[in-house]
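Notes for the one structure printed next.
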Amino acid sequence: MPQRFLTIWFRHFKTDRHTRRRPDLGQGPFVLYQHQQGRMVISAANQHAEKQGIYPGSVLADARAVWPDLQAIEDQPEQFEMILHQFATWFIRYSPVVALDPPDALILDISGVPHLWGGEDKYMQEICERLNAEGYSIRCSIAGTIGTAWAITHHGDHESIVPPGGEMNALLDLPAESLRIEIDAVDRLRKLGLRQIRDFIFMPRKVLGRRFGDGFLLRVHQALGMMEERIEPVILPAAFEERLQCLENILTRKGIDIALERLLVTLCARLAKEGKGLRKAIFKAFRIDGRTETIEIGTHRPSHNVAHLFMLFTIKLDTIAPGPGFELFMLEAHQVEDQHSEQERIWNTTGQLEDNAVAELLDKLANKIGGQRIHRYLPDEHYWPERSVREATSLHEKYRTPWPQSPPRPLRLLPHPQPVTVAAPVPDYPPMLFRYKGQVHKIVRADGPERIEQEWWLQEGRHRDYYQVEDETGKRYWLFRDGHYGETEPAQWYLHGFYA
């Protein structure tokens, strides 16, 4: 598939932006200015001003001497840099690769995209009409290289679509500066009478390089497609991405469901072909008013199961608002992983973590209530109960050490033991009663002690003697004494968990 690029030049970007908010500014000459060396210098001019001979670089006082009613507003370059970036982000609906060309242009890699609009002519027409309707004066062109598209957009007589391989012929009648070469090189070309590209493009490359430098040759080669020119997109496209352009605006839930299912079928087919599964995906719906609605899902295990992934998205589909209608849908797989064949486990219905049904159930819960509310724990190499488990990073993470064969532990273990006051005989008898949160619990049954020693590799705390106790109401608790009676530091009792 040949590469194709679209360049968009906002000819009066700054003044058009102001005119959209204040239509009265577009009725006559209007400029923006900046302070330079104590003078107010014009930095941008609208079409009416240019017709009066007022161009960027002129001094505002001189322009007002010719046109006293000239309207002027102070320029804010930083603000327009941000606005141009916002424009680039908006243009993601037309191409996955959009790059900035400051101060007033964009570059789109449209390879394999225009067919969604019915061809390059309809694709470019759609963009131009839409921007013109928004009040922007633009020029745009399509070519097989960025250099050629840029040259025609900025220096051609009209918008143009250059057929593949036609870059040379399209450039011949354009001025030398359209190749984006340095000003010094342009001046030297003019002194030699070489004003148009046709005047020097057929000269030997060694002669051109010796006279005008390697930078000059680089631009020539890039424009002709002899050297690759890379651009830096404002948003890196996902490795796996599918788009669906709508012939009519979509307003109904049924239409959204159909679009989502088509995208999933295509994307999952690609993933399955490459032996990969989806772990994180984003569904984007672009509204005609410029707003983008997004839904994100995640899975605990790589999956290219269309039905399962569709169900995860439908949990959240009611959160998006069609507004005036959707014109484009996009499905991006932001995280994929290798998915091994499961044929050998086809009869596995154990219900354990290796069972896909368990993973799919967790996916449903995570996307409905939030993944941060679902936790899986693995054993860790510690004696103390509060340190003996750690949270797993994924569903398929294996434990490094087996679960300890300990006496029964409480169903509810406090993250940090809570101090309690007790009445207990010494030295190794369980307490007769204990007070917790102001309430006294009389112990009628007790079992213990179970001693858990200090962790020698940490050298923290003392040994613990744990007791399982039951109060007069039948509730059971897990208490421990920290240290021995009679030591330098007095022994302290703690409540660590509840059995019921």
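Identifiers for the structure tokens are assigned positionally: chains receive A, B, ... in sequence, residues are indexed from 1 per chain, and ligands are indexed from 1 in the order shown.
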
DSSP strand (DSSP E or B) residues within segment 289-391 of chain A, listed as a PyMOL selection string: chain A and resi 292-303+326-338+377-379+389-391

Which residues are close to Asp187 of chain A, i.e. within 12 Å by only C-alpha atoms, leaving aside same-chain residues fewer than 5 positions away? Reply as a count of residues only. 10

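Using only C-alpha atoms for every distance, the candidate list A:Pro322, A:Gln405, A:Ala45, A:Leu479 yields A:Ala45 as the residue closest to Ser58 of chain A.
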
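Between atom CA of Phe326 of chain A and atom CA of Ala259 of chain A the separation is 10.6 Å.
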
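Assigned to helix (DSSP H, G or I) in segment 315-462 of chain A, given DSSP computed from backbone atoms, are Leu317, Asp318, Thr319, Gln343, Glu344, Arg345, Asn356, Ala357, Val358, Ala359, Glu360, Leu361, Leu362, Asp363, Lys364, Leu365, Ala366, Asn367, Lys368, Ile369, Gly371, Gln372, Arg373, Pro385, Glu386 and Arg387 of chain A.
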